[in-house]
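In what follows, a single structure is set out as C-alpha cells and then discussed.
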Amino acid sequence: MKTRRTRQLATIHEIVATAHDHPTAEQVCDRARRRVPRISLGTVYRNLQKLEEQQQVRVVHLHDRPTRYDGMLQEHDHFLCERCGMVADLAQSREARPNWSRLYRAGYRVRAQALTFYGLCPQCRRSEERPSRAGRDSAHQQD
Ligand SMILES: [Zn+2]
Ligand SMILES: [Zn+2]
C-alpha cells in the first residue's frame, strides 16, 4: 500500500509532468489541493526538490521571476513573455552557445546549459501591433 508521502510525491510529479505551462510552486500547490485538499506549500516545495534531485522534473530559473517547474526532461531553451508571463519551450539552438572548450580552458566545468529568450509572445505582439483593434479582436481569447 502506498504511504501518504509517496502519494503526495506521485501527485506532484504527475502535475508537473503533464503541465505544459511551466507552473510555479504555488500553481503546483493549487492544482495538488484539488486532489490532496490539505497539502501545504512547504510539502509541495519539499517534493519538488526531491523530484529535482531524482531528475524527474527540471527547474527553470527566470532571472528575477519565481522559479518554474518543467516536466520536459530533455535539454531545451525557453522563451519568456515579459507581458503575460507565458513560458514556451524552444528547441535548443546551436548557434548562440558559448564555446565550451574556451570555458574549459578558463577553468570552468560546465554541467548543463540553457538559454532563456525574453520578449513578447505572438499573442501579446499581435495585440501590441494593433492596439486599436484589441477590444474587438480579443487576441487573448482562446476557444
Ligand atoms: Zn504574452
Ligand atoms: Zn520547458
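In the C-alpha cells, each chain is lettered A, B, ... as it comes, each chain's residues begin at 1, and ligands are numbered from 1 in order of appearance.
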
**Study point:** Distance filter 12 Å around ligand 1, atoms: only C-alpha atoms and all ligand atoms, out as a ChimeraX atom specification
**Key:** /A:79-88,118-128,139-140

Enumerate as a compact mmCIF listing (two decimals) with all heavy atoms, in the first residue's frame the residues within 7 Å of ligand 2, counting only C-alpha atoms and all ligand atoms.
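Saved as selection02.txt:
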# COMPACT_ATOMS: atom_id res chain seq x y z
N HIS A 22 4.76 25.29 -17.46
CA HIS A 22 5.84 25.59 -16.53
C HIS A 22 5.31 26.27 -15.27
O HIS A 22 5.60 27.44 -15.03
CB HIS A 22 6.89 26.48 -17.21
CG HIS A 22 7.46 25.89 -18.47
ND1 HIS A 22 6.81 25.98 -19.68
CD2 HIS A 22 8.59 25.19 -18.70
CE1 HIS A 22 7.55 25.36 -20.60
NE2 HIS A 22 8.62 24.87 -20.03
N ASP A 70 9.29 22.12 -14.70
CA ASP A 70 9.16 21.66 -16.06
C ASP A 70 9.21 20.13 -16.08
O ASP A 70 10.12 19.53 -15.51
CB ASP A 70 10.35 22.23 -16.86
CG ASP A 70 10.12 22.21 -18.34
OD1 ASP A 70 9.21 21.50 -18.80
OD2 ASP A 70 10.87 22.91 -19.05
N MET A 72 9.34 18.50 -18.96
CA MET A 72 10.04 18.09 -20.18
C MET A 72 11.52 17.91 -19.82
O MET A 72 12.20 18.87 -19.44
CB MET A 72 9.88 19.18 -21.25
CG MET A 72 10.44 18.81 -22.58
SD MET A 72 9.86 19.98 -23.82
CE MET A 72 11.10 19.79 -25.07
N HIS A 76 16.39 21.84 -23.25
CA HIS A 76 15.76 22.75 -24.21
C HIS A 76 15.84 24.17 -23.68
O HIS A 76 16.15 24.39 -22.51
CB HIS A 76 14.31 22.33 -24.47
CG HIS A 76 13.43 22.33 -23.26
ND1 HIS A 76 13.46 21.33 -22.32
CD2 HIS A 76 12.50 23.21 -22.83
CE1 HIS A 76 12.58 21.59 -21.36
NE2 HIS A 76 11.98 22.73 -21.64
N ASP A 77 15.58 25.11 -24.55
CA ASP A 77 15.61 26.52 -24.17
C ASP A 77 14.19 27.01 -23.94
O ASP A 77 13.22 26.32 -24.24
CB ASP A 77 16.27 27.35 -25.28
CG ASP A 77 17.74 26.99 -25.44
OD1 ASP A 77 18.37 26.60 -24.44
OD2 ASP A 77 18.25 27.11 -26.57
N HIS A 78 14.11 28.23 -23.40
CA HIS A 78 12.80 28.79 -23.09
C HIS A 78 12.65 30.20 -23.63
O HIS A 78 13.62 30.92 -23.78
CB HIS A 78 12.58 28.81 -21.58
CG HIS A 78 12.39 27.44 -21.00
ND1 HIS A 78 13.35 26.80 -20.28
CD2 HIS A 78 11.34 26.59 -21.08
CE1 HIS A 78 12.91 25.60 -19.93
NE2 HIS A 78 11.70 25.44 -20.41
N ALA A 88 7.45 29.39 -23.08
CA ALA A 88 7.33 28.43 -24.17
C ALA A 88 8.62 27.62 -24.27
O ALA A 88 9.71 28.12 -23.98
CB ALA A 88 7.06 29.15 -25.48
N ASP A 89 8.49 26.36 -24.66
CA ASP A 89 9.65 25.52 -24.90
C ASP A 89 10.20 25.78 -26.30
O ASP A 89 9.45 25.90 -27.25
CB ASP A 89 9.26 24.04 -24.80
CG ASP A 89 8.94 23.65 -23.37
OD1 ASP A 89 9.62 24.14 -22.45
OD2 ASP A 89 8.01 22.86 -23.17

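For the choices A:Arg130, A:Arg109, A:Arg4, A:Arg68, the atom-to-atom distance to A:Leu48 is smallest for A:Arg68 when using only C-alpha atoms.
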
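Using only C-alpha atoms, the smallest distance between any of A:Val57, A:Val44, A:Val36, A:Leu115 and A:Ala19 comes from A:Val57.
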
Revision key, fill the gap. As a check of understanding: the span from atom CA of A:Tyr45 to atom CA of A:Ala25 is 6.5 Å

Using only C-alpha atoms, which protein or nucleic acid residues come within 10 Å of stretch 110-112 of chain A? Drop anything in the same chain fewer than 2 positions from it, and give the result as an mmCIF file with N, CA, C and O atoms, in the first residue's frame.
data_model
loop_
_atom_site.group_PDB
_atom_site.id
_atom_site.type_symbol
_atom_site.label_atom_id
_atom_site.label_comp_id
_atom_site.auth_asym_id
_atom_site.auth_seq_id
_atom_site.Cartn_x
_atom_site.Cartn_y
_atom_site.Cartn_z
ATOM 1 N N GLU A 75 17.088 18.475 -22.637
ATOM 2 C CA GLU A 75 17.537 19.865 -22.586
ATOM 3 C C GLU A 75 16.842 20.685 -23.653
ATOM 4 O O GLU A 75 16.702 20.261 -24.795
ATOM 5 N N TRP A 100 32.366 25.912 -25.305
ATOM 6 C CA TRP A 100 32.651 25.118 -24.107
ATOM 7 C C TRP A 100 34.145 24.897 -23.894
ATOM 8 O O TRP A 100 34.617 24.934 -22.777
ATOM 9 N N SER A 101 34.887 24.673 -24.965
ATOM 10 C CA SER A 101 36.308 24.378 -24.769
ATOM 11 C C SER A 101 37.049 25.622 -24.275
ATOM 12 O O SER A 101 37.996 25.522 -23.495
ATOM 13 N N LEU A 103 35.638 27.859 -22.299
ATOM 14 C CA LEU A 103 35.286 27.909 -20.878
ATOM 15 C C LEU A 103 36.133 26.914 -20.081
ATOM 16 O O LEU A 103 36.608 27.205 -18.991
ATOM 17 N N TYR A 104 36.317 25.721 -20.675
ATOM 18 C CA TYR A 104 37.089 24.668 -20.013
ATOM 19 C C TYR A 104 38.515 25.146 -19.754
ATOM 20 O O TYR A 104 39.050 25.005 -18.658
ATOM 21 N N GLY A 107 39.032 27.321 -16.908
ATOM 22 C CA GLY A 107 38.890 26.732 -15.584
ATOM 23 C C GLY A 107 37.473 26.355 -15.196
ATOM 24 O O GLY A 107 37.247 25.831 -14.108
ATOM 25 N N TYR A 108 36.493 26.628 -16.069
ATOM 26 C CA TYR A 108 35.112 26.283 -15.731
ATOM 27 C C TYR A 108 34.820 24.834 -16.084
ATOM 28 O O TYR A 108 35.420 24.266 -17.004
ATOM 29 N N ALA A 114 21.406 26.292 -20.585
ATOM 30 C CA ALA A 114 20.057 26.596 -21.032
ATOM 31 C C ALA A 114 19.971 28.084 -21.293
ATOM 32 O O ALA A 114 20.521 28.891 -20.548
#

Check your understanding: Can you list, as a ChimeraX atom specification, every protein, DNA or RNA residue that comes within 9 Å of A:Ile12 when you count only C-alpha atoms, leaving out same-chain residues fewer than 5 positions away?
Key -> /A:7,17,28-29,31-32,44,47-48,51

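The residues of stretch 3-134 of chain A that DSSP assigns to strand (DSSP E) on this backbone come out as Arg58, Val59, Val60, His61, Leu62, Arg65, Pro66, Thr67, Arg68, Tyr69, Asp70, Asp77, His78, Phe79, Leu80, Cys81, Val87, Ala88, Asp89, Leu90, Thr116, Phe117, Tyr118 and Gly119 of chain A.
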
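Proximity ranking of A:Thr24, A:Arg5, A:Ala91, A:Gly42 relative to A:Val60 places A:Thr24 first, based on only C-alpha atoms.
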
Practice item. Could you tell me which of A:Ile39, A:Pro23, A:Leu73, A:Thr18 comes closest to A:Gln54 if we count only C-alpha atoms? Key: A:Leu73

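In this structure, atom CA of A:Gln55 sits 26.3 Å away from atom CA of A:Pro37.
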
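Our summary of the geometry notes that atom CA of A:Arg34 is positioned 29.0 Å from atom CA of A:Asp64.
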